[in-house]
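These notes are about the structure you will find just below.
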Amino acid sequence: MIDFLPTAIPALLNGTGVTLQYTLLALLMGAIIGLPLALVRVYGRQRLGRIADVYGNFFRGTPLMIQLFMVYYGLPQLGVTFPQSIAALLTLGLNSSAYQAEYFRGALQSIGSGQMTAARAIGMSQWKAIRYIILPQALRLVLPTWSNEAVSMIKYTAVIFLIAVPDLMGQAKIIASRFFAPIETYLLVAGFYLILVFVATQLLRAVERKYQLPGLV
Amino acid sequence: MRDLPIVRIENVHKSFGSVEVLKGISFAVQPQEVVVLIGPSGTGKSTLLQCINLLTRPTQGKIWLEDQEITAPGADVDKVRQRIGMVFQEFNLFNHLTALGNVMVGLTKVQSLKPAEARKKALWELERVGLSAHADKYPAQLSGGQKQRVGIARALGMDPHVMLFDEPTSALDPELTGEVLAVMQKLAREGMTMIVVSHEMGFAREVANRIIFMEDGDIVEQGPPQQLFTQPQQERTRRFLRRLTDFASSE
């Protein structure tokens, strides 16, 4: 037990780095796919919107773990094989995009139609109106719910240890079995997650405050 | 010879589903003319304004802006709208931009002016509506009357050839309408061509060159304010004006 902490802490710190990497990349990928999906649903043609809808329902309606197994074990049967890291990132990113699309859509829809009308009236194309008038407002509105997704993602990434990615959870599993100390290990790991979530929450609050519009309390 | 009209509307119809809101409207607006559209609510006045800058497409009929038929297929709608300023009942200021930003955004993003130039122009437009001291305030920090004046400055920034006002004072507290009407009156004096939908009869009487009375999607009667207000030719016009005065005196 004497070298539990000296061994566990560095390993878990490594795992934390991996968890953070996957969290950030998955959120980024989720935003890059999710935002266009939301735009298509709000401003696009109906048929495209329906496809986006089916996509969203699939990823929000099935367990993340099953999605991960489909990508890592299922796709190779169709001849598409990914290394663990890519399979993990792909699953997390696609899953997050479905949720982020919902949040972005809600924000876009809560902006009054008068904003678009006024933008078109000064001669903006629909795209310019979205880019310069709608999005800057929608992104501010989405921040609180988006923060929720970001914080959740820190914890969702824990599933990727199932395909042997050495994230925080993956390291925990190794340490726990090596020292026969599951309770101590998982308590310690829970503490790591708590700290990550706390720091992320504070950071995102600061971002919200920074972009808050004067006069709107 | 008369000048080429700024706006010419020919037999414009507009239906929403089975409801015909405009039933064949025709009129022309000459340069520097101020036309005020009056009539009961729900008669299609606002729809007509929206047709003029193509925010709503007429179901039938043609509209010219100077020598261009803007209802023609293939007309560049975004270009057309830059020549038509629009002021909305609900202001519709861009909430994430300051007063200055609201005026600048069209200049930088639509007219591709350099930021420094756009800033100078926008400040000048805010000066015109008496708001240069509030340039850095956000919409939520402005009063209704100030918001509407920013709305006017934003439209003016694009150097429109005609300004459309859709009930510009209807959403304002009574004590705030004056500052907006004063700005509009000043614009009229400076020679701006204006089409105004309004219930402000005092403004119509003083500033309009012509009043158009609409009811049920049709033009019932039109003429100089003096004539229309004192000797309306049509019974429907008389009825409308009587209701207005009854309403005003009952207040």
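How things are named: the first chain in the structure tokens is A, the next is B, and so on; residues count from 1 in each chain; ligands count from 1 in the order shown.
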(request) Could you list, as a list in words, the residues of chain B having an atom within 6 Å of chain A when counting only C-alpha atoms? (result)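 In the required form, that comes to Asp78, Arg81, Gln82, Asn92, Ala140 and Gln141 of chain B.
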(request) Fewer than 4 positions away in the same chain doesn't count, so skip those; otherwise give me all residues within 8 Å of Gln222 of chain B, counting only C-alpha atoms, as a count of residues only. (result) 5
(request) Tell me which protein, DNA and RNA residues are within 8 Å of Ile160 of chain A, counting only C-alpha atoms, leaving out same-chain ones fewer than 4 positions away, and put them as a PyMOL selection string. (result) chain A and resi 68+88+164-165+167+170
(request) Fewer than 5 positions away in the same chain doesn't count, so skip those; otherwise give me all residues within 12 Å of Pro232 of chain B, counting only C-alpha atoms, as number ranges by chain. (result) B: 211-213, 220-227, 237-242
I'd like to know which residues of segment 17-177 of chain A are alpha helix (DSSP H) (by DSSP, run on the backbone); could you write them as a short mmCIF file (atom, residue, chain, number, x, y, z; two decimals) with N, CA and C atoms, in the first residue's frame?
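As a result, selection.cif now contains:
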```cif
data_model
loop_
_atom_site.label_atom_id
_atom_site.label_comp_id
_atom_site.auth_asym_id
_atom_site.auth_seq_id
_atom_site.Cartn_x
_atom_site.Cartn_y
_atom_site.Cartn_z
N GLY A 17 -4.96 13.82 -18.53
CA GLY A 17 -4.58 14.47 -19.79
C GLY A 17 -5.32 13.85 -20.97
N VAL A 18 -5.38 12.54 -20.96
CA VAL A 18 -6.06 11.84 -22.06
C VAL A 18 -7.56 12.19 -22.06
N THR A 19 -8.17 12.14 -20.88
CA THR A 19 -9.60 12.49 -20.77
C THR A 19 -9.86 13.89 -21.30
N LEU A 20 -8.99 14.83 -20.91
CA LEU A 20 -9.18 16.21 -21.36
C LEU A 20 -9.07 16.32 -22.87
N GLN A 21 -8.08 15.63 -23.42
CA GLN A 21 -7.91 15.66 -24.88
C GLN A 21 -9.16 15.18 -25.60
N TYR A 22 -9.67 14.03 -25.15
CA TYR A 22 -10.86 13.49 -25.80
C TYR A 22 -12.07 14.40 -25.60
N THR A 23 -12.17 14.96 -24.40
CA THR A 23 -13.30 15.86 -24.13
C THR A 23 -13.28 17.04 -25.09
N LEU A 24 -12.11 17.69 -25.17
CA LEU A 24 -12.02 18.89 -26.00
C LEU A 24 -12.24 18.57 -27.47
N LEU A 25 -11.59 17.50 -27.94
CA LEU A 25 -11.73 17.16 -29.36
C LEU A 25 -13.16 16.74 -29.70
N ALA A 26 -13.79 15.99 -28.77
CA ALA A 26 -15.17 15.55 -29.03
C ALA A 26 -16.11 16.76 -29.05
N LEU A 27 -15.90 17.70 -28.14
CA LEU A 27 -16.75 18.90 -28.12
C LEU A 27 -16.56 19.70 -29.40
N LEU A 28 -15.30 19.80 -29.81
CA LEU A 28 -15.01 20.55 -31.03
C LEU A 28 -15.68 19.90 -32.23
N MET A 29 -15.50 18.58 -32.34
CA MET A 29 -16.11 17.86 -33.44
C MET A 29 -17.64 17.95 -33.36
N GLY A 30 -18.16 17.86 -32.15
CA GLY A 30 -19.60 17.97 -31.95
C GLY A 30 -20.13 19.32 -32.41
N ALA A 31 -19.35 20.38 -32.16
CA ALA A 31 -19.79 21.71 -32.56
C ALA A 31 -19.69 21.88 -34.08
N ILE A 32 -18.61 21.34 -34.65
CA ILE A 32 -18.40 21.49 -36.10
C ILE A 32 -19.50 20.77 -36.88
N ILE A 33 -19.98 19.66 -36.34
CA ILE A 33 -21.08 18.95 -37.02
C ILE A 33 -22.44 19.45 -36.53
N GLY A 34 -22.53 19.73 -35.25
CA GLY A 34 -23.83 20.06 -34.64
C GLY A 34 -24.40 21.39 -35.10
N LEU A 35 -23.53 22.39 -35.25
CA LEU A 35 -24.03 23.71 -35.63
C LEU A 35 -24.65 23.71 -37.04
N PRO A 36 -23.94 23.16 -38.04
CA PRO A 36 -24.58 23.07 -39.36
C PRO A 36 -25.88 22.27 -39.33
N LEU A 37 -25.91 21.20 -38.53
CA LEU A 37 -27.15 20.41 -38.42
C LEU A 37 -28.29 21.29 -37.93
N ALA A 38 -27.99 22.10 -36.92
CA ALA A 38 -29.03 22.99 -36.37
C ALA A 38 -29.46 24.02 -37.41
N LEU A 39 -28.49 24.57 -38.14
CA LEU A 39 -28.81 25.57 -39.16
C LEU A 39 -29.70 24.96 -40.23
N VAL A 40 -29.38 23.73 -40.61
CA VAL A 40 -30.19 23.05 -41.62
C VAL A 40 -31.61 22.85 -41.10
N ARG A 41 -31.73 22.49 -39.83
CA ARG A 41 -33.07 22.24 -39.30
C ARG A 41 -33.89 23.52 -39.20
N VAL A 42 -33.22 24.63 -38.90
CA VAL A 42 -33.98 25.88 -38.74
C VAL A 42 -34.17 26.61 -40.07
N TYR A 43 -33.13 26.65 -40.88
CA TYR A 43 -33.20 27.47 -42.09
C TYR A 43 -33.20 26.66 -43.38
N GLN A 46 -36.88 21.34 -45.98
CA GLN A 46 -37.52 20.43 -45.06
C GLN A 46 -36.93 19.02 -45.10
N ARG A 47 -36.61 18.57 -46.31
CA ARG A 47 -36.14 17.19 -46.40
C ARG A 47 -34.78 17.03 -45.71
N LEU A 48 -33.90 18.01 -45.92
CA LEU A 48 -32.62 17.99 -45.23
C LEU A 48 -32.81 18.02 -43.73
N GLY A 49 -33.76 18.84 -43.31
CA GLY A 49 -34.06 18.95 -41.88
C GLY A 49 -34.49 17.62 -41.30
N ARG A 50 -35.25 16.87 -42.09
CA ARG A 50 -35.72 15.58 -41.59
C ARG A 50 -34.57 14.58 -41.45
N ILE A 51 -33.63 14.65 -42.39
CA ILE A 51 -32.46 13.76 -42.29
C ILE A 51 -31.68 14.09 -41.01
N ALA A 52 -31.50 15.40 -40.77
CA ALA A 52 -30.80 15.83 -39.56
C ALA A 52 -31.52 15.34 -38.32
N ASP A 53 -32.85 15.31 -38.42
CA ASP A 53 -33.67 14.87 -37.31
C ASP A 53 -33.44 13.39 -36.99
N VAL A 54 -33.42 12.56 -38.03
CA VAL A 54 -33.20 11.13 -37.86
C VAL A 54 -31.83 10.88 -37.24
N TYR A 55 -30.85 11.59 -37.75
CA TYR A 55 -29.49 11.50 -37.22
C TYR A 55 -29.48 11.80 -35.72
N GLY A 56 -30.13 12.91 -35.37
CA GLY A 56 -30.17 13.33 -33.96
C GLY A 56 -30.86 12.30 -33.09
N ASN A 57 -31.99 11.78 -33.59
CA ASN A 57 -32.74 10.81 -32.79
C ASN A 57 -31.95 9.53 -32.57
N PHE A 58 -31.18 9.12 -33.58
CA PHE A 58 -30.39 7.92 -33.40
C PHE A 58 -29.36 8.11 -32.29
N PHE A 59 -28.60 9.21 -32.35
CA PHE A 59 -27.52 9.38 -31.39
C PHE A 59 -28.00 9.76 -30.00
N ARG A 60 -29.18 10.37 -29.93
CA ARG A 60 -29.68 10.72 -28.60
C ARG A 60 -30.55 9.62 -28.03
N GLY A 61 -30.95 8.69 -28.90
CA GLY A 61 -31.90 7.68 -28.45
C GLY A 61 -31.27 6.34 -28.11
N LEU A 64 -24.65 5.50 -25.41
CA LEU A 64 -23.32 5.84 -25.93
C LEU A 64 -22.45 4.58 -26.05
N MET A 65 -22.60 3.69 -25.09
CA MET A 65 -21.74 2.50 -25.08
C MET A 65 -22.01 1.64 -26.32
N ILE A 66 -23.28 1.51 -26.67
CA ILE A 66 -23.62 0.73 -27.86
C ILE A 66 -23.06 1.39 -29.11
N GLN A 67 -23.15 2.72 -29.15
CA GLN A 67 -22.59 3.45 -30.30
C GLN A 67 -21.09 3.18 -30.41
N LEU A 68 -20.43 3.17 -29.26
CA LEU A 68 -18.99 2.93 -29.25
C LEU A 68 -18.68 1.52 -29.78
N PHE A 69 -19.43 0.55 -29.32
CA PHE A 69 -19.20 -0.83 -29.76
C PHE A 69 -19.49 -1.01 -31.25
N GLN A 84 -8.27 2.39 -31.84
CA GLN A 84 -9.10 2.75 -30.68
C GLN A 84 -9.32 4.26 -30.58
N SER A 85 -8.22 5.00 -30.72
CA SER A 85 -8.33 6.44 -30.48
C SER A 85 -9.33 7.07 -31.44
N ILE A 86 -9.27 6.68 -32.71
CA ILE A 86 -10.18 7.27 -33.69
C ILE A 86 -11.61 6.82 -33.43
N ALA A 87 -11.77 5.53 -33.14
CA ALA A 87 -13.12 5.02 -32.87
C ALA A 87 -13.73 5.76 -31.68
N ALA A 88 -12.91 5.96 -30.65
CA ALA A 88 -13.42 6.64 -29.45
C ALA A 88 -13.81 8.07 -29.76
N LEU A 89 -12.92 8.77 -30.45
CA LEU A 89 -13.18 10.17 -30.75
C LEU A 89 -14.40 10.32 -31.67
N LEU A 90 -14.47 9.44 -32.67
CA LEU A 90 -15.58 9.49 -33.62
C LEU A 90 -16.91 9.31 -32.90
N THR A 91 -16.96 8.32 -32.02
CA THR A 91 -18.21 8.05 -31.31
C THR A 91 -18.61 9.24 -30.43
N LEU A 92 -17.64 9.71 -29.64
CA LEU A 92 -17.95 10.83 -28.74
C LEU A 92 -18.35 12.07 -29.53
N GLY A 93 -17.64 12.32 -30.61
CA GLY A 93 -17.91 13.52 -31.40
C GLY A 93 -19.28 13.47 -32.07
N LEU A 94 -19.60 12.32 -32.67
CA LEU A 94 -20.90 12.20 -33.34
C LEU A 94 -22.02 12.29 -32.32
N ASN A 95 -21.82 11.60 -31.20
CA ASN A 95 -22.83 11.65 -30.16
C ASN A 95 -23.05 13.09 -29.68
N SER A 96 -21.96 13.78 -29.42
CA SER A 96 -22.08 15.15 -28.93
C SER A 96 -22.73 16.06 -29.96
N SER A 97 -22.43 15.81 -31.24
CA SER A 97 -23.00 16.66 -32.29
C SER A 97 -24.52 16.60 -32.26
N ALA A 98 -25.07 15.43 -31.95
CA ALA A 98 -26.53 15.31 -31.91
C ALA A 98 -27.11 16.16 -30.79
N TYR A 99 -26.45 16.13 -29.64
CA TYR A 99 -26.93 16.97 -28.52
C TYR A 99 -26.71 18.44 -28.80
N GLN A 100 -25.51 18.77 -29.29
CA GLN A 100 -25.22 20.18 -29.55
C GLN A 100 -26.17 20.75 -30.60
N ALA A 101 -26.53 19.92 -31.59
CA ALA A 101 -27.47 20.38 -32.61
C ALA A 101 -28.78 20.80 -31.97
N GLU A 102 -29.23 20.03 -30.98
CA GLU A 102 -30.47 20.37 -30.28
C GLU A 102 -30.33 21.70 -29.55
N TYR A 103 -29.20 21.87 -28.87
CA TYR A 103 -29.01 23.11 -28.10
C TYR A 103 -28.92 24.31 -29.04
N PHE A 104 -28.16 24.16 -30.12
CA PHE A 104 -28.04 25.27 -31.09
C PHE A 104 -29.39 25.59 -31.72
N ARG A 105 -30.15 24.55 -32.01
CA ARG A 105 -31.46 24.77 -32.63
C ARG A 105 -32.36 25.57 -31.70
N GLY A 106 -32.36 25.17 -30.43
CA GLY A 106 -33.17 25.91 -29.46
C GLY A 106 -32.78 27.38 -29.42
N ALA A 107 -31.48 27.64 -29.42
CA ALA A 107 -31.01 29.02 -29.35
C ALA A 107 -31.40 29.79 -30.62
N LEU A 108 -31.22 29.16 -31.77
CA LEU A 108 -31.57 29.82 -33.03
C LEU A 108 -33.05 30.16 -33.07
N GLN A 109 -33.86 29.21 -32.58
CA GLN A 109 -35.31 29.43 -32.66
C GLN A 109 -35.81 30.46 -31.66
N SER A 113 -38.00 36.58 -35.14
CA SER A 113 -37.87 36.64 -36.60
C SER A 113 -37.54 38.06 -37.07
N GLY A 114 -37.82 39.05 -36.22
CA GLY A 114 -37.53 40.44 -36.59
C GLY A 114 -36.05 40.68 -36.86
N GLN A 115 -35.18 39.92 -36.21
CA GLN A 115 -33.74 40.09 -36.42
C GLN A 115 -33.35 39.74 -37.85
N MET A 116 -33.88 38.61 -38.32
CA MET A 116 -33.60 38.20 -39.69
C MET A 116 -34.23 39.18 -40.68
N THR A 117 -35.47 39.58 -40.40
CA THR A 117 -36.14 40.53 -41.30
C THR A 117 -35.34 41.82 -41.42
N ALA A 118 -34.90 42.35 -40.27
CA ALA A 118 -34.17 43.62 -40.29
C ALA A 118 -32.84 43.46 -41.04
N ALA A 119 -32.20 42.31 -40.86
CA ALA A 119 -30.93 42.08 -41.55
C ALA A 119 -31.13 42.01 -43.06
N ARG A 120 -32.18 41.30 -43.48
CA ARG A 120 -32.47 41.21 -44.92
C ARG A 120 -32.84 42.59 -45.46
N ALA A 121 -33.52 43.39 -44.63
CA ALA A 121 -33.98 44.70 -45.10
C ALA A 121 -32.83 45.66 -45.39
N GLN A 126 -29.14 35.87 -46.87
CA GLN A 126 -29.53 35.05 -45.72
C GLN A 126 -28.28 34.57 -44.98
N TRP A 127 -27.26 34.18 -45.73
CA TRP A 127 -26.05 33.69 -45.10
C TRP A 127 -25.38 34.77 -44.26
N LYS A 128 -25.27 36.00 -44.81
CA LYS A 128 -24.66 37.08 -44.03
C LYS A 128 -25.47 37.39 -42.78
N ALA A 129 -26.79 37.35 -42.93
CA ALA A 129 -27.64 37.62 -41.77
C ALA A 129 -27.40 36.57 -40.68
N LEU A 135 -26.08 34.32 -35.56
CA LEU A 135 -25.13 33.50 -34.80
C LEU A 135 -24.54 34.19 -33.57
N PRO A 136 -24.10 35.45 -33.70
CA PRO A 136 -23.53 36.07 -32.50
C PRO A 136 -24.50 36.08 -31.33
N GLN A 137 -25.79 36.17 -31.64
CA GLN A 137 -26.78 36.15 -30.56
C GLN A 137 -27.07 34.72 -30.11
N ALA A 138 -27.15 33.81 -31.07
CA ALA A 138 -27.47 32.42 -30.73
C ALA A 138 -26.35 31.81 -29.88
N LEU A 139 -25.10 32.13 -30.21
CA LEU A 139 -24.00 31.54 -29.46
C LEU A 139 -24.00 32.04 -28.01
N ARG A 140 -24.37 33.30 -27.83
CA ARG A 140 -24.48 33.80 -26.45
C ARG A 140 -25.60 33.06 -25.71
N LEU A 141 -26.72 32.88 -26.41
CA LEU A 141 -27.87 32.23 -25.76
C LEU A 141 -27.58 30.77 -25.43
N VAL A 142 -26.76 30.14 -26.26
CA VAL A 142 -26.57 28.70 -26.10
C VAL A 142 -25.56 28.38 -24.98
N LEU A 143 -24.79 29.38 -24.60
CA LEU A 143 -23.69 29.11 -23.65
C LEU A 143 -24.10 28.33 -22.39
N PRO A 144 -25.15 28.73 -21.69
CA PRO A 144 -25.49 27.98 -20.47
C PRO A 144 -25.79 26.50 -20.73
N THR A 145 -26.58 26.21 -21.77
CA THR A 145 -26.89 24.79 -22.03
C THR A 145 -25.67 24.08 -22.62
N TRP A 146 -24.92 24.81 -23.41
CA TRP A 146 -23.72 24.20 -24.00
C TRP A 146 -22.73 23.83 -22.90
N SER A 147 -22.63 24.68 -21.88
CA SER A 147 -21.73 24.41 -20.77
C SER A 147 -22.09 23.08 -20.12
N ASN A 148 -23.37 22.83 -20.05
CA ASN A 148 -23.86 21.58 -19.49
C ASN A 148 -23.34 20.38 -20.29
N GLU A 149 -23.41 20.53 -21.61
CA GLU A 149 -22.91 19.47 -22.50
C GLU A 149 -21.41 19.29 -22.29
N ALA A 150 -20.70 20.39 -22.17
CA ALA A 150 -19.24 20.32 -22.01
C ALA A 150 -18.87 19.59 -20.73
N VAL A 151 -19.57 19.94 -19.67
CA VAL A 151 -19.28 19.32 -18.37
C VAL A 151 -19.65 17.82 -18.40
N SER A 152 -20.78 17.53 -19.03
CA SER A 152 -21.18 16.13 -19.14
C SER A 152 -20.17 15.32 -19.94
N MET A 153 -19.63 15.95 -20.97
CA MET A 153 -18.70 15.23 -21.84
C MET A 153 -17.48 14.75 -21.06
N ILE A 154 -17.03 15.53 -20.08
CA ILE A 154 -15.89 15.10 -19.26
C ILE A 154 -16.17 13.72 -18.69
N LYS A 155 -17.42 13.52 -18.25
CA LYS A 155 -17.76 12.24 -17.63
C LYS A 155 -18.12 11.17 -18.66
N TYR A 156 -18.79 11.60 -19.76
CA TYR A 156 -19.14 10.61 -20.80
C TYR A 156 -17.90 9.92 -21.37
N LEU A 168 -8.66 8.56 -17.90
CA LEU A 168 -8.71 8.54 -16.44
C LEU A 168 -9.30 7.24 -15.93
N MET A 169 -10.41 6.85 -16.54
CA MET A 169 -11.08 5.61 -16.13
C MET A 169 -10.23 4.39 -16.46
N GLY A 170 -9.59 4.41 -17.59
CA GLY A 170 -8.74 3.30 -18.00
C GLY A 170 -7.58 3.12 -17.03
N GLN A 171 -6.95 4.22 -16.64
CA GLN A 171 -5.86 4.17 -15.67
C GLN A 171 -6.36 3.65 -14.33
N ALA A 172 -7.57 4.10 -13.98
CA ALA A 172 -8.16 3.68 -12.71
C ALA A 172 -8.28 2.16 -12.66
N LYS A 173 -8.73 1.62 -13.77
CA LYS A 173 -8.94 0.17 -13.81
C LYS A 173 -7.61 -0.57 -13.60
N ILE A 174 -6.57 -0.07 -14.25
CA ILE A 174 -5.26 -0.70 -14.13
C ILE A 174 -4.76 -0.63 -12.68
N ILE A 175 -4.83 0.59 -12.11
CA ILE A 175 -4.35 0.79 -10.75
C ILE A 175 -5.14 -0.06 -9.76
N ALA A 176 -6.46 -0.05 -9.95
CA ALA A 176 -7.32 -0.77 -9.01
C ALA A 176 -6.97 -2.25 -8.95
N SER A 177 -6.71 -2.84 -10.12
CA SER A 177 -6.44 -4.28 -10.09
C SER A 177 -5.01 -4.56 -9.65
#
```
(request) Name the residues of segment 155-227 of chain B that come out as strand (DSSP E or B) in a backbone DSSP run; write them as a VMD selection string. (result) chain B and resid 162 to 166 194 to 197 210 to 215 218 to 223
Output N, CA, C and O atoms for every residue in the selection just made, as a PDB file, in the first residue's frame.
```
ATOM      1  N   VAL B 162     -35.462  55.634 -50.938  1.00  0.00           N
ATOM      2  CA  VAL B 162     -36.798  55.807 -50.364  1.00  0.00           C
ATOM      3  C   VAL B 162     -36.791  55.127 -48.997  1.00  0.00           C
ATOM      4  O   VAL B 162     -36.096  54.141 -48.780  1.00  0.00           O
ATOM      5  N   MET B 163     -37.549  55.689 -48.061  1.00  0.00           N
ATOM      6  CA  MET B 163     -37.644  55.096 -46.726  1.00  0.00           C
ATOM      7  C   MET B 163     -39.071  54.625 -46.488  1.00  0.00           C
ATOM      8  O   MET B 163     -40.035  55.350 -46.760  1.00  0.00           O
ATOM      9  N   LEU B 164     -39.179  53.406 -45.976  1.00  0.00           N
ATOM     10  CA  LEU B 164     -40.490  52.865 -45.624  1.00  0.00           C
ATOM     11  C   LEU B 164     -40.595  52.832 -44.099  1.00  0.00           C
ATOM     12  O   LEU B 164     -39.690  52.352 -43.425  1.00  0.00           O
ATOM     13  N   PHE B 165     -41.665  53.342 -43.570  1.00  0.00           N
ATOM     14  CA  PHE B 165     -41.889  53.331 -42.121  1.00  0.00           C
ATOM     15  C   PHE B 165     -43.136  52.527 -41.825  1.00  0.00           C
ATOM     16  O   PHE B 165     -44.228  52.907 -42.235  1.00  0.00           O
ATOM     17  N   ASP B 166     -42.979  51.427 -41.098  1.00  0.00           N
ATOM     18  CA  ASP B 166     -44.125  50.575 -40.782  1.00  0.00           C
ATOM     19  C   ASP B 166     -44.584  50.849 -39.345  1.00  0.00           C
ATOM     20  O   ASP B 166     -44.037  50.294 -38.406  1.00  0.00           O
ATOM     21  N   MET B 194     -40.546  59.272 -48.770  1.00  0.00           N
ATOM     22  CA  MET B 194     -40.987  58.427 -47.658  1.00  0.00           C
ATOM     23  C   MET B 194     -42.370  57.849 -47.900  1.00  0.00           C
ATOM     24  O   MET B 194     -43.255  58.528 -48.410  1.00  0.00           O
ATOM     25  N   ILE B 195     -42.526  56.578 -47.529  1.00  0.00           N
ATOM     26  CA  ILE B 195     -43.857  55.970 -47.499  1.00  0.00           C
ATOM     27  C   ILE B 195     -44.071  55.522 -46.056  1.00  0.00           C
ATOM     28  O   ILE B 195     -43.285  54.733 -45.528  1.00  0.00           O
ATOM     29  N   VAL B 196     -45.093  56.054 -45.433  1.00  0.00           N
ATOM     30  CA  VAL B 196     -45.270  55.866 -43.999  1.00  0.00           C
ATOM     31  C   VAL B 196     -46.636  55.245 -43.717  1.00  0.00           C
ATOM     32  O   VAL B 196     -47.652  55.754 -44.176  1.00  0.00           O
ATOM     33  N   VAL B 197     -46.622  54.140 -42.995  1.00  0.00           N
ATOM     34  CA  VAL B 197     -47.882  53.614 -42.465  1.00  0.00           C
ATOM     35  C   VAL B 197     -47.985  54.137 -41.049  1.00  0.00           C
ATOM     36  O   VAL B 197     -47.080  53.917 -40.242  1.00  0.00           O
ATOM     37  N   ARG B 210     -49.284  63.561 -49.540  1.00  0.00           N
ATOM     38  CA  ARG B 210     -50.455  62.833 -50.015  1.00  0.00           C
ATOM     39  C   ARG B 210     -50.826  61.786 -48.986  1.00  0.00           C
ATOM     40  O   ARG B 210     -49.952  61.147 -48.396  1.00  0.00           O
ATOM     41  N   ILE B 211     -52.116  61.627 -48.773  1.00  0.00           N
ATOM     42  CA  ILE B 211     -52.621  60.581 -47.891  1.00  0.00           C
ATOM     43  C   ILE B 211     -53.292  59.541 -48.775  1.00  0.00           C
ATOM     44  O   ILE B 211     -54.027  59.882 -49.702  1.00  0.00           O
ATOM     45  N   ILE B 212     -53.000  58.288 -48.491  1.00  0.00           N
ATOM     46  CA  ILE B 212     -53.730  57.224 -49.184  1.00  0.00           C
ATOM     47  C   ILE B 212     -54.537  56.489 -48.135  1.00  0.00           C
ATOM     48  O   ILE B 212     -53.979  55.990 -47.155  1.00  0.00           O
ATOM     49  N   PHE B 213     -55.840  56.462 -48.329  1.00  0.00           N
ATOM     50  CA  PHE B 213     -56.693  55.737 -47.394  1.00  0.00           C
ATOM     51  C   PHE B 213     -57.001  54.353 -47.954  1.00  0.00           C
ATOM     52  O   PHE B 213     -57.526  54.214 -49.054  1.00  0.00           O
ATOM     53  N   MET B 214     -56.615  53.326 -47.202  1.00  0.00           N
ATOM     54  CA  MET B 214     -56.837  51.939 -47.638  1.00  0.00           C
ATOM     55  C   MET B 214     -57.834  51.257 -46.724  1.00  0.00           C
ATOM     56  O   MET B 214     -57.857  51.502 -45.521  1.00  0.00           O
ATOM     57  N   GLU B 215     -58.641  50.403 -47.336  1.00  0.00           N
ATOM     58  CA  GLU B 215     -59.530  49.570 -46.532  1.00  0.00           C
ATOM     59  C   GLU B 215     -59.735  48.254 -47.263  1.00  0.00           C
ATOM     60  O   GLU B 215     -59.902  48.245 -48.491  1.00  0.00           O
ATOM     61  N   ASP B 218     -57.768  47.514 -50.518  1.00  0.00           N
ATOM     62  CA  ASP B 218     -57.952  48.395 -51.667  1.00  0.00           C
ATOM     63  C   ASP B 218     -57.637  49.837 -51.285  1.00  0.00           C
ATOM     64  O   ASP B 218     -57.784  50.210 -50.125  1.00  0.00           O
ATOM     65  N   ILE B 219     -57.259  50.628 -52.283  1.00  0.00           N
ATOM     66  CA  ILE B 219     -57.167  52.069 -52.048  1.00  0.00           C
ATOM     67  C   ILE B 219     -58.557  52.654 -52.235  1.00  0.00           C
ATOM     68  O   ILE B 219     -59.156  52.498 -53.305  1.00  0.00           O
ATOM     69  N   VAL B 220     -59.068  53.277 -51.177  1.00  0.00           N
ATOM     70  CA  VAL B 220     -60.414  53.839 -51.262  1.00  0.00           C
ATOM     71  C   VAL B 220     -60.354  55.245 -51.834  1.00  0.00           C
ATOM     72  O   VAL B 220     -61.150  55.634 -52.676  1.00  0.00           O
ATOM     73  N   GLU B 221     -59.361  55.990 -51.359  1.00  0.00           N
ATOM     74  CA  GLU B 221     -59.310  57.399 -51.729  1.00  0.00           C
ATOM     75  C   GLU B 221     -57.913  57.927 -51.454  1.00  0.00           C
ATOM     76  O   GLU B 221     -57.238  57.471 -50.541  1.00  0.00           O
ATOM     77  N   GLN B 222     -57.445  58.868 -52.253  1.00  0.00           N
ATOM     78  CA  GLN B 222     -56.172  59.495 -51.940  1.00  0.00           C
ATOM     79  C   GLN B 222     -56.189  60.953 -52.343  1.00  0.00           C
ATOM     80  O   GLN B 222     -56.974  61.376 -53.193  1.00  0.00           O
ATOM     81  N   GLY B 223     -55.312  61.727 -51.699  1.00  0.00           N
ATOM     82  CA  GLY B 223     -55.260  63.148 -52.011  1.00  0.00           C
ATOM     83  C   GLY B 223     -54.392  63.866 -51.003  1.00  0.00           C
ATOM     84  O   GLY B 223     -53.908  63.250 -50.054  1.00  0.00           O
TER      85      GLY B 223
END
```
(message) Would you compute the distance between atom CA of Leu244 of chain B and atom CA of Gly85 of chain B? Give it in Å to one decimal.
(response)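 Atom-to-atom, atom CA of Leu244 of chain B and atom CA of Gly85 of chain B are spaced 28.9 Å apart.
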(message) Would you pick out the contacts of Val180 of chain B at 10 Å or less, using only C-alpha atoms, so that residues sharing its chain but fewer than 4 positions from it are not included, and give the list as a PyMOL selection string?
(response) chain B and resi 129+144-150+152+168-169+172+176+184-186
(request) Kindly give the distance, in Å, that separates atom CA of Gly61 of chain B and atom CA of Ile25 of chain B, rounded to a single decimal. (result) 8.5 Å
(message) Measuring between only C-alpha atoms, which one of B:Pro174, B:Gly101, B:Pro115, B:Gly74 shows the shortest distance to Gly151 of chain B?
(response)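 Using only C-alpha atoms, the shortest distance to Gly151 of chain B belongs to B:Gly101.
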(message) Report, in Å to a single decimal, how far apart atom CA of Gln60 of chain B and atom CA of Asn11 of chain B are.
(response) 7.4 Å
